[in-house]
$ cat data10.tsv   # TSV, C-alpha atoms
chain	number	residue	atom	x	y	z
A	1	MET	CA	0.00	0.00	0.00
A	2	SER	CA	1.47	3.37	-1.05
A	3	GLY	CA	-0.94	5.62	0.85
A	4	PRO	CA	-0.15	7.60	4.01
A	5	VAL	CA	-0.33	6.63	7.63
A	6	VAL	CA	-3.70	7.84	8.95
A	7	VAL	CA	-4.26	8.71	12.60
A	8	GLY	CA	-7.63	9.38	14.21
A	9	VAL	CA	-7.63	12.13	16.84
A	10	ASP	CA	-10.29	13.44	19.22
A	11	GLY	CA	-8.29	15.71	21.57
A	12	SER	CA	-7.70	13.06	24.23
A	13	GLU	CA	-4.20	12.42	25.53
A	14	SER	CA	-4.48	8.90	24.13
A	15	SER	CA	-5.10	10.23	20.63
A	16	LEU	CA	-2.21	12.67	20.93
A	17	ALA	CA	0.04	9.74	21.83
A	18	ALA	CA	-1.37	7.99	18.76
A	19	ALA	CA	-0.42	11.01	16.64
A	20	GLU	CA	3.17	10.76	17.89
A	21	ALA	CA	3.31	7.02	17.23
A	22	ALA	CA	1.80	7.53	13.79
A	23	ALA	CA	4.42	10.15	12.96
A	24	GLY	CA	7.14	7.68	13.89
A	25	ALA	CA	5.53	5.00	11.73
A	26	ALA	CA	5.31	7.39	8.78
A	27	SER	CA	8.93	8.45	9.25
A	28	ILE	CA	10.42	4.96	9.10
A	29	ARG	CA	8.31	4.21	6.02
A	30	GLY	CA	9.22	7.45	4.26
A	31	ILE	CA	5.57	8.34	3.63
A	32	GLY	CA	3.16	11.08	4.67
A	33	LEU	CA	0.87	11.33	7.69
A	34	ARG	CA	-2.80	12.32	7.56
A	35	VAL	CA	-4.39	13.54	10.81
A	36	VAL	CA	-8.15	12.96	10.75
A	37	HIS	CA	-10.84	14.14	13.12
A	38	ALA	CA	-14.38	12.77	12.72
A	39	PHE	CA	-16.86	15.50	13.58
A	40	VAL	CA	-20.48	15.10	14.69
A	41	TRP	CA	-22.69	17.63	16.42
A	42	PRO	CA	-23.09	16.47	20.04
A	43	GLY	CA	-26.30	14.59	20.65
A	44	LEU	CA	-27.59	14.92	17.07
A	45	HIS	CA	-24.95	12.97	15.18
A	46	ALA	CA	-25.33	15.44	12.35
A	47	PRO	CA	-22.57	15.85	9.75
A	48	LEU	CA	-20.21	18.78	9.59
A	49	GLY	CA	-21.93	21.87	8.17
A	50	SER	CA	-24.88	24.06	9.02
A	51	SER	CA	-26.85	23.06	12.09
A	52	PRO	CA	-29.73	24.36	14.19
A	53	LEU	CA	-27.24	24.52	17.05
A	54	GLY	CA	-25.32	27.32	15.41
A	55	PRO	CA	-23.20	28.40	12.45
A	56	ALA	CA	-20.52	26.14	11.02
A	57	GLY	CA	-17.80	28.54	12.17
A	58	GLY	CA	-18.90	28.63	15.78
A	59	GLU	CA	-17.10	27.89	19.02
A	60	LEU	CA	-17.38	24.13	18.61
A	61	HIS	CA	-15.62	24.27	15.25
A	62	GLN	CA	-12.87	26.37	16.78
A	63	LEU	CA	-12.39	23.68	19.40
A	64	VAL	CA	-12.15	21.04	16.65
A	65	GLY	CA	-9.55	23.21	14.89
A	66	ARG	CA	-7.47	23.41	18.05
A	67	THR	CA	-7.77	19.65	18.53
A	68	VAL	CA	-6.41	18.95	15.05
A	69	ALA	CA	-3.71	21.63	15.33
A	70	GLU	CA	-2.40	20.17	18.59
A	71	ALA	CA	-2.21	16.68	17.09
A	72	VAL	CA	-0.38	18.04	14.02
A	73	GLU	CA	2.05	19.90	16.28
A	74	ARG	CA	2.78	16.77	18.34
A	75	ALA	CA	3.33	14.74	15.19
A	76	ARG	CA	5.71	17.29	13.65
A	77	ALA	CA	7.69	17.48	16.88
A	78	VAL	CA	8.37	13.74	16.62
A	79	ALA	CA	9.07	13.63	12.87
A	80	PRO	CA	9.66	17.10	11.38
A	81	GLU	CA	10.67	15.58	8.05
A	82	VAL	CA	7.27	13.94	7.52
A	83	ASN	CA	4.69	15.68	5.35
A	84	VAL	CA	1.65	16.07	7.64
A	85	SER	CA	-1.79	16.83	6.24
A	86	HIS	CA	-5.05	17.04	8.15
A	87	ALA	CA	-8.78	16.85	7.63
A	88	VAL	CA	-12.00	17.29	9.59
A	89	ILE	CA	-14.59	14.91	8.14
A	90	GLY	CA	-18.24	14.78	9.07
A	91	GLY	CA	-19.41	11.46	10.41
A	92	GLU	CA	-18.98	8.89	13.16
A	93	PRO	CA	-15.34	7.94	13.93
A	94	VAL	CA	-15.84	4.27	13.02
A	95	GLY	CA	-17.19	5.01	9.56
A	96	VAL	CA	-14.79	7.85	8.83
A	97	LEU	CA	-11.66	5.93	9.74
A	98	ALA	CA	-12.83	2.74	8.01
A	99	ALA	CA	-13.27	4.78	4.82
A	100	GLN	CA	-9.84	6.38	5.28
A	101	SER	CA	-8.27	2.94	5.69
A	102	ARG	CA	-9.05	2.09	2.05
A	103	ALA	CA	-6.18	4.30	0.88
A	104	ALA	CA	-3.88	4.05	3.92
A	105	ALA	CA	-0.74	2.07	4.63
A	106	LEU	CA	-1.63	1.97	8.33
A	107	VAL	CA	-4.39	3.40	10.54
A	108	VAL	CA	-3.43	4.44	14.07
A	109	VAL	CA	-5.79	5.12	16.97
A	110	GLY	CA	-5.46	5.51	20.71
A	111	SER	CA	-6.84	2.97	23.11
A	112	ARG	CA	-9.00	5.48	24.99
A	113	GLY	CA	-10.82	8.64	23.99
A	114	LEU	CA	-12.86	11.46	25.43
A	115	GLY	CA	-16.03	11.00	27.44
A	116	THR	CA	-17.12	9.47	30.72
A	117	PHE	CA	-16.98	5.92	29.43
A	118	ASN	CA	-13.49	6.05	27.96
A	119	SER	CA	-13.18	2.33	27.37
A	120	LEU	CA	-16.07	2.51	24.90
A	121	LEU	CA	-13.77	4.09	22.31
A	122	LEU	CA	-11.71	0.93	22.24
A	123	GLY	CA	-14.78	-1.19	21.76
A	124	SER	CA	-16.44	0.96	19.11
A	125	VAL	CA	-13.48	2.26	17.10
A	126	ALA	CA	-10.26	0.30	17.62
A	127	VAL	CA	-11.81	-3.17	17.70
A	128	HIS	CA	-14.13	-2.37	14.79
A	129	LEU	CA	-11.22	-1.09	12.68
A	130	ALA	CA	-9.09	-4.11	13.52
A	131	ALA	CA	-11.89	-6.37	12.35
A	132	HIS	CA	-13.18	-4.38	9.37
A	133	GLY	CA	-10.48	-1.93	8.26
A	134	HIS	CA	-8.83	-2.19	4.85
A	135	CYS	CA	-5.24	-1.99	6.12
A	136	PRO	CA	-3.31	-2.96	9.26
A	137	VAL	CA	-4.45	-1.13	12.40
A	138	MET	CA	-2.25	0.07	15.26
A	139	VAL	CA	-3.79	0.66	18.66
A	140	VAL	CA	-1.48	2.76	20.82
A	141	ARG	CA	-1.46	1.77	24.47
A	142	GLY	CA	0.88	1.06	27.38
A	143	ARG	CA	4.50	2.09	27.75
A	144	PRO	CA	6.58	0.56	24.96
A	145	ASP	CA	10.24	-0.26	25.49
A	146	PRO	CA	11.96	1.66	22.66
A	147	THR	CA	14.91	-0.73	22.79
A	148	GLY	CA	12.76	-3.86	22.96
A	149	PRO	CA	11.90	-6.26	20.15
A	150	VAL	CA	8.95	-6.39	17.83
A	151	LEU	CA	6.88	-9.17	19.39
A	152	LEU	CA	5.16	-11.49	16.92
A	153	ALA	CA	2.34	-13.81	17.94
A	154	VAL	CA	2.84	-17.03	15.95
A	155	ASP	CA	0.14	-19.67	15.74
A	156	GLY	CA	1.19	-21.38	12.52
A	157	SER	CA	-2.17	-20.88	10.82
A	158	PRO	CA	-2.54	-19.73	7.19
A	159	ALA	CA	-4.55	-16.79	8.51
A	160	GLY	CA	-1.48	-15.62	10.46
A	161	GLU	CA	0.87	-15.55	7.49
A	162	ARG	CA	0.24	-11.89	6.67
A	163	ALA	CA	1.02	-10.92	10.27
A	164	VAL	CA	4.33	-12.80	10.12
A	165	ASP	CA	5.36	-10.99	6.95
A	166	PHE	CA	4.30	-7.63	8.41
A	167	ALA	CA	6.27	-8.24	11.61
A	168	PHE	CA	9.46	-9.04	9.68
A	169	ALA	CA	9.08	-5.88	7.62
A	170	GLU	CA	8.35	-3.79	10.72
A	171	ALA	CA	11.38	-5.14	12.59
A	172	SER	CA	13.54	-4.36	9.55
A	173	LEU	CA	12.20	-0.79	9.32
A	174	ARG	CA	12.75	-0.21	13.03
A	175	GLY	CA	16.17	-1.87	13.17
A	176	ALA	CA	14.81	-4.02	15.98
A	177	PRO	CA	15.06	-7.74	16.74
A	178	LEU	CA	12.01	-9.88	16.14
A	179	LEU	CA	10.76	-12.02	19.02
A	180	ALA	CA	8.55	-14.77	17.59
A	181	LEU	CA	6.50	-16.28	20.39
A	182	HIS	CA	4.44	-19.43	20.02
A	183	ALA	CA	2.43	-20.65	22.99
A	184	TRP	CA	1.31	-24.26	23.23
A	185	SER	CA	-0.37	-26.51	25.75
A	186	THR	CA	-1.23	-30.18	26.23
A	187	TRP	CA	-4.57	-30.47	24.54
A	188	THR	CA	-6.96	-33.36	24.74
A	189	GLU	CA	-9.12	-34.32	21.81
A	190	ARG	CA	-11.88	-36.80	21.21
A	191	VAL	CA	-11.45	-39.44	18.54
A	192	HIS	CA	-14.87	-40.37	17.24
A	193	HIS	CA	-16.19	-41.21	13.79
A	194	GLY	CA	-19.57	-42.90	14.41
A	195	PRO	CA	-22.88	-42.48	16.19
A	196	GLY	CA	-23.36	-42.64	19.90
A	197	ASN	CA	-21.20	-41.30	22.68
A	198	PRO	CA	-17.56	-40.52	21.83
A	199	PRO	CA	-14.86	-42.57	23.54
A	200	PRO	CA	-12.75	-41.15	26.39
A	201	THR	CA	-10.28	-38.36	25.63
A	202	VAL	CA	-6.86	-39.26	24.28
A	203	LEU	CA	-3.91	-37.39	25.74
A	204	TYR	CA	-1.07	-36.24	23.54
A	205	ASP	CA	2.46	-37.33	24.32
A	206	VAL	CA	3.99	-34.14	25.76
A	207	ASP	CA	7.47	-34.58	24.31
A	208	ARG	CA	6.12	-35.35	20.87
A	209	LEU	CA	3.77	-32.39	21.01
A	210	ARG	CA	6.60	-30.07	22.03
A	211	GLY	CA	8.61	-31.25	19.04
A	212	GLU	CA	5.66	-30.66	16.72
A	213	GLU	CA	5.18	-27.14	18.06
A	214	GLU	CA	8.90	-26.35	17.64
A	215	GLN	CA	8.64	-27.45	14.03
A	216	LEU	CA	5.50	-25.36	13.53
A	217	LEU	CA	7.29	-22.24	14.82
A	218	ALA	CA	10.33	-22.87	12.61
A	219	GLU	CA	8.20	-23.42	9.51
A	220	ALA	CA	6.16	-20.28	10.15
A	221	LEU	CA	9.35	-18.20	10.02
A	222	SER	CA	11.50	-20.04	7.50
A	223	GLY	CA	9.99	-18.60	4.32
A	224	HIS	CA	10.69	-15.03	5.46
A	225	LEU	CA	14.30	-15.38	6.59
A	226	PRO	CA	15.96	-14.96	3.16
A	227	ARG	CA	14.09	-11.70	2.50
A	228	TYR	CA	15.05	-10.12	5.81
A	229	PRO	CA	18.69	-11.06	6.50
A	230	ASP	CA	19.10	-7.89	8.59
A	231	VAL	CA	16.53	-8.98	11.18
A	232	THR	CA	17.75	-10.81	14.25
A	233	ILE	CA	15.27	-13.57	15.13
A	234	ARG	CA	14.58	-14.78	18.64
A	235	ARG	CA	12.29	-17.79	18.94
A	236	ARG	CA	10.35	-18.43	22.11
A	237	LEU	CA	8.28	-21.56	22.63
A	238	VAL	CA	6.10	-21.19	25.72
A	239	HIS	CA	4.13	-23.95	27.45
A	240	ASP	CA	1.22	-21.71	28.39
A	241	ARG	CA	-1.96	-20.19	27.04
A	242	ALA	CA	-1.33	-17.65	24.30
A	243	ARG	CA	-3.07	-14.67	25.87
A	244	PRO	CA	-1.18	-14.45	29.21
A	245	ALA	CA	2.11	-15.41	27.54
A	246	LEU	CA	1.87	-12.62	24.97
A	247	ILE	CA	0.63	-10.03	27.45
A	248	GLU	CA	3.56	-10.78	29.74
A	249	ALA	CA	6.06	-10.66	26.86
A	250	SER	CA	4.65	-7.30	25.74
A	251	GLU	CA	6.05	-5.69	28.91
A	252	SER	CA	9.52	-5.59	27.34
A	253	ALA	CA	8.50	-5.07	23.68
A	254	GLN	CA	8.19	-1.92	21.61
A	255	LEU	CA	5.34	-3.32	19.55
A	256	VAL	CA	3.15	-6.43	19.22
A	257	VAL	CA	2.05	-7.77	15.83
A	258	VAL	CA	-0.81	-10.25	15.75
A	259	GLY	CA	-3.19	-11.72	13.18
A	260	ALA	CA	-6.89	-11.04	13.49
A	261	ARG	CA	-7.71	-14.67	14.20
A	262	GLY	CA	-5.89	-17.99	14.10
A	263	ARG	CA	-6.49	-21.73	14.43
A	264	GLY	CA	-9.00	-21.57	17.27
A	265	GLY	CA	-12.39	-19.98	17.71
A	266	PHE	CA	-15.44	-19.76	15.50
A	267	ALA	CA	-15.02	-19.36	11.77
A	268	GLY	CA	-17.42	-16.42	11.64
A	269	LEU	CA	-15.42	-14.29	14.05
A	270	LEU	CA	-13.38	-11.51	12.42
A	271	LEU	CA	-11.34	-10.84	15.55
A	272	GLY	CA	-10.14	-13.71	17.72
A	273	SER	CA	-9.76	-13.88	21.48
A	274	VAL	CA	-5.96	-13.47	21.43
A	275	SER	CA	-6.01	-10.30	19.34
A	276	GLN	CA	-8.85	-8.86	21.43
A	277	ALA	CA	-6.99	-9.63	24.67
A	278	LEU	CA	-3.89	-7.85	23.38
A	279	LEU	CA	-5.91	-4.82	22.28
A	280	HIS	CA	-7.25	-4.50	25.82
A	281	HIS	CA	-4.31	-5.61	27.96
A	282	ALA	CA	-0.96	-5.38	26.14
A	283	HIS	CA	1.73	-3.19	27.68
A	284	CYS	CA	2.75	-1.65	24.35
A	285	PRO	CA	1.12	-0.71	21.02
A	286	VAL	CA	-0.55	-3.54	19.07
A	287	ILE	CA	-0.85	-3.90	15.29
A	288	VAL	CA	-3.55	-6.24	14.03
A	289	VAL	CA	-3.00	-7.60	10.51
A	290	ARG	CA	-5.91	-9.41	8.89
A	291	SER	CA	-5.27	-12.21	6.41
A	292	ASP	CA	-7.74	-10.88	3.83
A	293	LEU	CA	-6.25	-7.41	3.40
A	294	PRO	CA	-5.69	-6.27	-0.19

$ encode --input "data10.tsv" --output "C-alpha coordinates"
Amino acid sequence: MSGPVVVGVDGSESSLAAAEAAAGAASIRGIGLRVVHAFVWPGLHAPLGSSPLGPAGGELHQLVGRTVAEAVERARAVAPEVNVSHAVIGGEPVGVLAAQSRAAALVVVGSRGLGTFNSLLLGSVAVHLAAHGHCPVMVVRGRPDPTGPVLLAVDGSPAGERAVDFAFAEASLRGAPLLALHAWSTWTERVHHGPGNPPPTVLYDVDRLRGEEEQLLAEALSGHLPRYPDVTIRRRLVHDRARPALIEASESAQLVVVGARGRGGFAGLLLGSVSQALLHHAHCPVIVVRSDLP
(Lines of atoms letter the chains of each structure in order from A and count residues from 1; the text may use other names and numbers.)
(Lines give C-alpha, C1' and ligand atoms only; values in the text may rest on other atoms or scores of the structure.)
Protein backbone atom coordinates (compact mmCIF):
# COMPACT_ATOMS: atom_id res chain seq x y z
CA MET A 1 0.00 0.00 0.00
CA SER A 2 1.47 3.37 -1.05
CA GLY A 3 -0.94 5.62 0.85
CA PRO A 4 -0.15 7.60 4.01
CA VAL A 5 -0.33 6.63 7.63
CA VAL A 6 -3.70 7.84 8.95
CA VAL A 7 -4.26 8.71 12.60
CA GLY A 8 -7.63 9.38 14.21
CA VAL A 9 -7.63 12.13 16.84
CA ASP A 10 -10.29 13.44 19.22
CA GLY A 11 -8.29 15.71 21.57
CA SER A 12 -7.70 13.06 24.23
CA GLU A 13 -4.20 12.42 25.53
CA SER A 14 -4.48 8.90 24.13
CA SER A 15 -5.10 10.23 20.63
CA LEU A 16 -2.21 12.67 20.93
CA ALA A 17 0.04 9.74 21.83
CA ALA A 18 -1.37 7.99 18.76
CA ALA A 19 -0.42 11.01 16.64
CA GLU A 20 3.17 10.76 17.89
CA ALA A 21 3.31 7.02 17.23
CA ALA A 22 1.80 7.53 13.79
CA ALA A 23 4.42 10.15 12.96
CA GLY A 24 7.14 7.68 13.89
CA ALA A 25 5.53 5.00 11.73
CA ALA A 26 5.31 7.39 8.78
CA SER A 27 8.93 8.45 9.25
CA ILE A 28 10.42 4.96 9.10
CA ARG A 29 8.31 4.21 6.02
CA GLY A 30 9.22 7.45 4.26
CA ILE A 31 5.57 8.34 3.63
CA GLY A 32 3.16 11.08 4.67
CA LEU A 33 0.87 11.33 7.69
CA ARG A 34 -2.80 12.32 7.56
CA VAL A 35 -4.39 13.54 10.81
CA VAL A 36 -8.15 12.96 10.75
CA HIS A 37 -10.84 14.14 13.12
CA ALA A 38 -14.38 12.77 12.72
CA PHE A 39 -16.86 15.50 13.58
CA VAL A 40 -20.48 15.10 14.69
CA TRP A 41 -22.69 17.63 16.42
CA PRO A 42 -23.09 16.47 20.04
CA GLY A 43 -26.30 14.59 20.65
CA LEU A 44 -27.59 14.92 17.07
CA HIS A 45 -24.95 12.97 15.18
CA ALA A 46 -25.33 15.44 12.35
CA PRO A 47 -22.57 15.85 9.75
CA LEU A 48 -20.21 18.78 9.59
CA GLY A 49 -21.93 21.87 8.17
CA SER A 50 -24.88 24.06 9.02
CA SER A 51 -26.85 23.06 12.09
CA PRO A 52 -29.73 24.36 14.19
CA LEU A 53 -27.24 24.52 17.05
CA GLY A 54 -25.32 27.32 15.41
CA PRO A 55 -23.20 28.40 12.45
CA ALA A 56 -20.52 26.14 11.02
CA GLY A 57 -17.80 28.54 12.17
CA GLY A 58 -18.90 28.63 15.78
CA GLU A 59 -17.10 27.89 19.02
CA LEU A 60 -17.38 24.13 18.61
CA HIS A 61 -15.62 24.27 15.25
CA GLN A 62 -12.87 26.37 16.78
CA LEU A 63 -12.39 23.68 19.40
CA VAL A 64 -12.15 21.04 16.65
CA GLY A 65 -9.55 23.21 14.89
CA ARG A 66 -7.47 23.41 18.05
CA THR A 67 -7.77 19.65 18.53
CA VAL A 68 -6.41 18.95 15.05
CA ALA A 69 -3.71 21.63 15.33
CA GLU A 70 -2.40 20.17 18.59
CA ALA A 71 -2.21 16.68 17.09
CA VAL A 72 -0.38 18.04 14.02
CA GLU A 73 2.05 19.90 16.28
CA ARG A 74 2.78 16.77 18.34
CA ALA A 75 3.33 14.74 15.19
CA ARG A 76 5.71 17.29 13.65
CA ALA A 77 7.69 17.48 16.88
CA VAL A 78 8.37 13.74 16.62
CA ALA A 79 9.07 13.63 12.87
CA PRO A 80 9.66 17.10 11.38
CA GLU A 81 10.67 15.58 8.05
CA VAL A 82 7.27 13.94 7.52
CA ASN A 83 4.69 15.68 5.35
CA VAL A 84 1.65 16.07 7.64
CA SER A 85 -1.79 16.83 6.24
CA HIS A 86 -5.05 17.04 8.15
CA ALA A 87 -8.78 16.85 7.63
CA VAL A 88 -12.00 17.29 9.59
CA ILE A 89 -14.59 14.91 8.14
CA GLY A 90 -18.24 14.78 9.07
CA GLY A 91 -19.41 11.46 10.41
CA GLU A 92 -18.98 8.89 13.16
CA PRO A 93 -15.34 7.94 13.93
CA VAL A 94 -15.84 4.27 13.02
CA GLY A 95 -17.19 5.01 9.56
CA VAL A 96 -14.79 7.85 8.83
CA LEU A 97 -11.66 5.93 9.74
CA ALA A 98 -12.83 2.74 8.01
CA ALA A 99 -13.27 4.78 4.82
CA GLN A 100 -9.84 6.38 5.28
CA SER A 101 -8.27 2.94 5.69
CA ARG A 102 -9.05 2.09 2.05
CA ALA A 103 -6.18 4.30 0.88
CA ALA A 104 -3.88 4.05 3.92
CA ALA A 105 -0.74 2.07 4.63
CA LEU A 106 -1.63 1.97 8.33
CA VAL A 107 -4.39 3.40 10.54
CA VAL A 108 -3.43 4.44 14.07
CA VAL A 109 -5.79 5.12 16.97
CA GLY A 110 -5.46 5.51 20.71
CA SER A 111 -6.84 2.97 23.11
CA ARG A 112 -9.00 5.48 24.99
CA GLY A 113 -10.82 8.64 23.99
CA LEU A 114 -12.86 11.46 25.43
CA GLY A 115 -16.03 11.00 27.44
CA THR A 116 -17.12 9.47 30.72
CA PHE A 117 -16.98 5.92 29.43
CA ASN A 118 -13.49 6.05 27.96
CA SER A 119 -13.18 2.33 27.37
CA LEU A 120 -16.07 2.51 24.90
CA LEU A 121 -13.77 4.09 22.31
CA LEU A 122 -11.71 0.93 22.24
CA GLY A 123 -14.78 -1.19 21.76
CA SER A 124 -16.44 0.96 19.11
CA VAL A 125 -13.48 2.26 17.10
CA ALA A 126 -10.26 0.30 17.62
CA VAL A 127 -11.81 -3.17 17.70
CA HIS A 128 -14.13 -2.37 14.79
CA LEU A 129 -11.22 -1.09 12.68
CA ALA A 130 -9.09 -4.11 13.52
CA ALA A 131 -11.89 -6.37 12.35
CA HIS A 132 -13.18 -4.38 9.37
CA GLY A 133 -10.48 -1.93 8.26
CA HIS A 134 -8.83 -2.19 4.85
CA CYS A 135 -5.24 -1.99 6.12
CA PRO A 136 -3.31 -2.96 9.26
CA VAL A 137 -4.45 -1.13 12.40
CA MET A 138 -2.25 0.07 15.26
CA VAL A 139 -3.79 0.66 18.66
CA VAL A 140 -1.48 2.76 20.82
CA ARG A 141 -1.46 1.77 24.47
CA GLY A 142 0.88 1.06 27.38
CA ARG A 143 4.50 2.09 27.75
CA PRO A 144 6.58 0.56 24.96
CA ASP A 145 10.24 -0.26 25.49
CA PRO A 146 11.96 1.66 22.66
CA THR A 147 14.91 -0.73 22.79
CA GLY A 148 12.76 -3.86 22.96
CA PRO A 149 11.90 -6.26 20.15
CA VAL A 150 8.95 -6.39 17.83
CA LEU A 151 6.88 -9.17 19.39
CA LEU A 152 5.16 -11.49 16.92
CA ALA A 153 2.34 -13.81 17.94
CA VAL A 154 2.84 -17.03 15.95
CA ASP A 155 0.14 -19.67 15.74
CA GLY A 156 1.19 -21.38 12.52
CA SER A 157 -2.17 -20.88 10.82
CA PRO A 158 -2.54 -19.73 7.19
CA ALA A 159 -4.55 -16.79 8.51
CA GLY A 160 -1.48 -15.62 10.46
CA GLU A 161 0.87 -15.55 7.49
CA ARG A 162 0.24 -11.89 6.67
CA ALA A 163 1.02 -10.92 10.27
CA VAL A 164 4.33 -12.80 10.12
CA ASP A 165 5.36 -10.99 6.95
CA PHE A 166 4.30 -7.63 8.41
CA ALA A 167 6.27 -8.24 11.61
CA PHE A 168 9.46 -9.04 9.68
CA ALA A 169 9.08 -5.88 7.62
CA GLU A 170 8.35 -3.79 10.72
CA ALA A 171 11.38 -5.14 12.59
CA SER A 172 13.54 -4.36 9.55
CA LEU A 173 12.20 -0.79 9.32
CA ARG A 174 12.75 -0.21 13.03
CA GLY A 175 16.17 -1.87 13.17
CA ALA A 176 14.81 -4.02 15.98
CA PRO A 177 15.06 -7.74 16.74
CA LEU A 178 12.01 -9.88 16.14
CA LEU A 179 10.76 -12.02 19.02
CA ALA A 180 8.55 -14.77 17.59
CA LEU A 181 6.50 -16.28 20.39
CA HIS A 182 4.44 -19.43 20.02
CA ALA A 183 2.43 -20.65 22.99
CA TRP A 184 1.31 -24.26 23.23
CA SER A 185 -0.37 -26.51 25.75
CA THR A 186 -1.23 -30.18 26.23
CA TRP A 187 -4.57 -30.47 24.54
CA THR A 188 -6.96 -33.36 24.74
CA GLU A 189 -9.12 -34.32 21.81
CA ARG A 190 -11.88 -36.80 21.21
CA VAL A 191 -11.45 -39.44 18.54
CA HIS A 192 -14.87 -40.37 17.24
CA HIS A 193 -16.19 -41.21 13.79
CA GLY A 194 -19.57 -42.90 14.41
CA PRO A 195 -22.88 -42.48 16.19
CA GLY A 196 -23.36 -42.64 19.90
CA ASN A 197 -21.20 -41.30 22.68
CA PRO A 198 -17.56 -40.52 21.83
CA PRO A 199 -14.86 -42.57 23.54
CA PRO A 200 -12.75 -41.15 26.39
CA THR A 201 -10.28 -38.36 25.63
CA VAL A 202 -6.86 -39.26 24.28
CA LEU A 203 -3.91 -37.39 25.74
CA TYR A 204 -1.07 -36.24 23.54
CA ASP A 205 2.46 -37.33 24.32
CA VAL A 206 3.99 -34.14 25.76
CA ASP A 207 7.47 -34.58 24.31
CA ARG A 208 6.12 -35.35 20.87
CA LEU A 209 3.77 -32.39 21.01
CA ARG A 210 6.60 -30.07 22.03
CA GLY A 211 8.61 -31.25 19.04
CA GLU A 212 5.66 -30.66 16.72
CA GLU A 213 5.18 -27.14 18.06
CA GLU A 214 8.90 -26.35 17.64
CA GLN A 215 8.64 -27.45 14.03
CA LEU A 216 5.50 -25.36 13.53
CA LEU A 217 7.29 -22.24 14.82
CA ALA A 218 10.33 -22.87 12.61
CA GLU A 219 8.20 -23.42 9.51
CA ALA A 220 6.16 -20.28 10.15
CA LEU A 221 9.35 -18.20 10.02
CA SER A 222 11.50 -20.04 7.50
CA GLY A 223 9.99 -18.60 4.32
CA HIS A 224 10.69 -15.03 5.46
CA LEU A 225 14.30 -15.38 6.59
CA PRO A 226 15.96 -14.96 3.16
CA ARG A 227 14.09 -11.70 2.50
CA TYR A 228 15.05 -10.12 5.81
CA PRO A 229 18.69 -11.06 6.50
CA ASP A 230 19.10 -7.89 8.59
CA VAL A 231 16.53 -8.98 11.18
CA THR A 232 17.75 -10.81 14.25
CA ILE A 233 15.27 -13.57 15.13
CA ARG A 234 14.58 -14.78 18.64
CA ARG A 235 12.29 -17.79 18.94
CA ARG A 236 10.35 -18.43 22.11
CA LEU A 237 8.28 -21.56 22.63
CA VAL A 238 6.10 -21.19 25.72
CA HIS A 239 4.13 -23.95 27.45
CA ASP A 240 1.22 -21.71 28.39
CA ARG A 241 -1.96 -20.19 27.04
CA ALA A 242 -1.33 -17.65 24.30
CA ARG A 243 -3.07 -14.67 25.87
CA PRO A 244 -1.18 -14.45 29.21
CA ALA A 245 2.11 -15.41 27.54
CA LEU A 246 1.87 -12.62 24.97
CA ILE A 247 0.63 -10.03 27.45
CA GLU A 248 3.56 -10.78 29.74
CA ALA A 249 6.06 -10.66 26.86
CA SER A 250 4.65 -7.30 25.74
CA GLU A 251 6.05 -5.69 28.91
CA SER A 252 9.52 -5.59 27.34
CA ALA A 253 8.50 -5.07 23.68
CA GLN A 254 8.19 -1.92 21.61
CA LEU A 255 5.34 -3.32 19.55
CA VAL A 256 3.15 -6.43 19.22
CA VAL A 257 2.05 -7.77 15.83
CA VAL A 258 -0.81 -10.25 15.75
CA GLY A 259 -3.19 -11.72 13.18
CA ALA A 260 -6.89 -11.04 13.49
CA ARG A 261 -7.71 -14.67 14.20
CA GLY A 262 -5.89 -17.99 14.10
CA ARG A 263 -6.49 -21.73 14.43
CA GLY A 264 -9.00 -21.57 17.27
CA GLY A 265 -12.39 -19.98 17.71
CA PHE A 266 -15.44 -19.76 15.50
CA ALA A 267 -15.02 -19.36 11.77
CA GLY A 268 -17.42 -16.42 11.64
CA LEU A 269 -15.42 -14.29 14.05
CA LEU A 270 -13.38 -11.51 12.42
CA LEU A 271 -11.34 -10.84 15.55
CA GLY A 272 -10.14 -13.71 17.72
CA SER A 273 -9.76 -13.88 21.48
CA VAL A 274 -5.96 -13.47 21.43
CA SER A 275 -6.01 -10.30 19.34
CA GLN A 276 -8.85 -8.86 21.43
CA ALA A 277 -6.99 -9.63 24.67
CA LEU A 278 -3.89 -7.85 23.38
CA LEU A 279 -5.91 -4.82 22.28
CA HIS A 280 -7.25 -4.50 25.82
CA HIS A 281 -4.31 -5.61 27.96
CA ALA A 282 -0.96 -5.38 26.14
CA HIS A 283 1.73 -3.19 27.68
CA CYS A 284 2.75 -1.65 24.35
CA PRO A 285 1.12 -0.71 21.02
CA VAL A 286 -0.55 -3.54 19.07
CA ILE A 287 -0.85 -3.90 15.29
CA VAL A 288 -3.55 -6.24 14.03
CA VAL A 289 -3.00 -7.60 10.51
CA ARG A 290 -5.91 -9.41 8.89
CA SER A 291 -5.27 -12.21 6.41
CA ASP A 292 -7.74 -10.88 3.83
CA LEU A 293 -6.25 -7.41 3.40
CA PRO A 294 -5.69 -6.27 -0.19

$ closest_residue --input "data10.tsv" --among "A:Gly24, A:Gly110, A:Pro229, A:Gly133" --to "Ala75 (chain A)" --atoms "only C-alpha atoms"
A:Gly24

$ residues_around --input "data10.tsv" --residues "Met138 (chain A)" --least-positions-apart "3" --cutoff "6 Å" --atoms "only C-alpha atoms" --output "PyMOL selection string"
chain A and resi 108+286-287

$ write_last_selection --input "data10.tsv" --atoms "C-alpha atoms" --output "mmCIF file, keeping the file's coordinate frame"
data_model
loop_
_atom_site.group_PDB
_atom_site.id
_atom_site.type_symbol
_atom_site.label_atom_id
_atom_site.label_comp_id
_atom_site.auth_asym_id
_atom_site.auth_seq_id
_atom_site.Cartn_x
_atom_site.Cartn_y
_atom_site.Cartn_z
ATOM 1 C CA VAL A 108 -3.430 4.440 14.070
ATOM 2 C CA VAL A 286 -0.550 -3.540 19.070
ATOM 3 C CA ILE A 287 -0.850 -3.900 15.290
#

$ atom_distance --input "data10.tsv" --atom1 "CA of Ala159 (chain A)" --atom2 "CA of Ala220 (chain A)"
11.4 Å

$ closest_residue --input "data10.tsv" --among "A:Arg235, A:His224, A:Ala176, A:Val40" --to "Asp145 (chain A)" --atoms "only C-alpha atoms"
A:Ala176

$ residues_around --input "data10.tsv" --residues "region 238-253 of chain A" --least-positions-apart "6" --cutoff "9 Å" --atoms "all atoms listed in the file" --output "MDAnalysis selection string"
chainID A and resid 142:153 155 179 181:186 210 273:275 277:278 281:285

$ closest_residue --input "data10.tsv" --among "A:Arg112, A:His61, A:His134, A:His37" --to "Glu13 (chain A)" --atoms "only C-alpha atoms"
A:Arg112

$ closest_residue --input "data10.tsv" --among "A:Asp165, A:Glu20, A:Asp230, A:Glu59" --to "Glu73 (chain A)" --atoms "all atoms listed in the file"
A:Glu20

$ closest_residue --input "data10.tsv" --among "A:Ala77, A:Ala260, A:Val154, A:Ala169" --to "Val231 (chain A)" --atoms "only C-alpha atoms"
A:Ala169
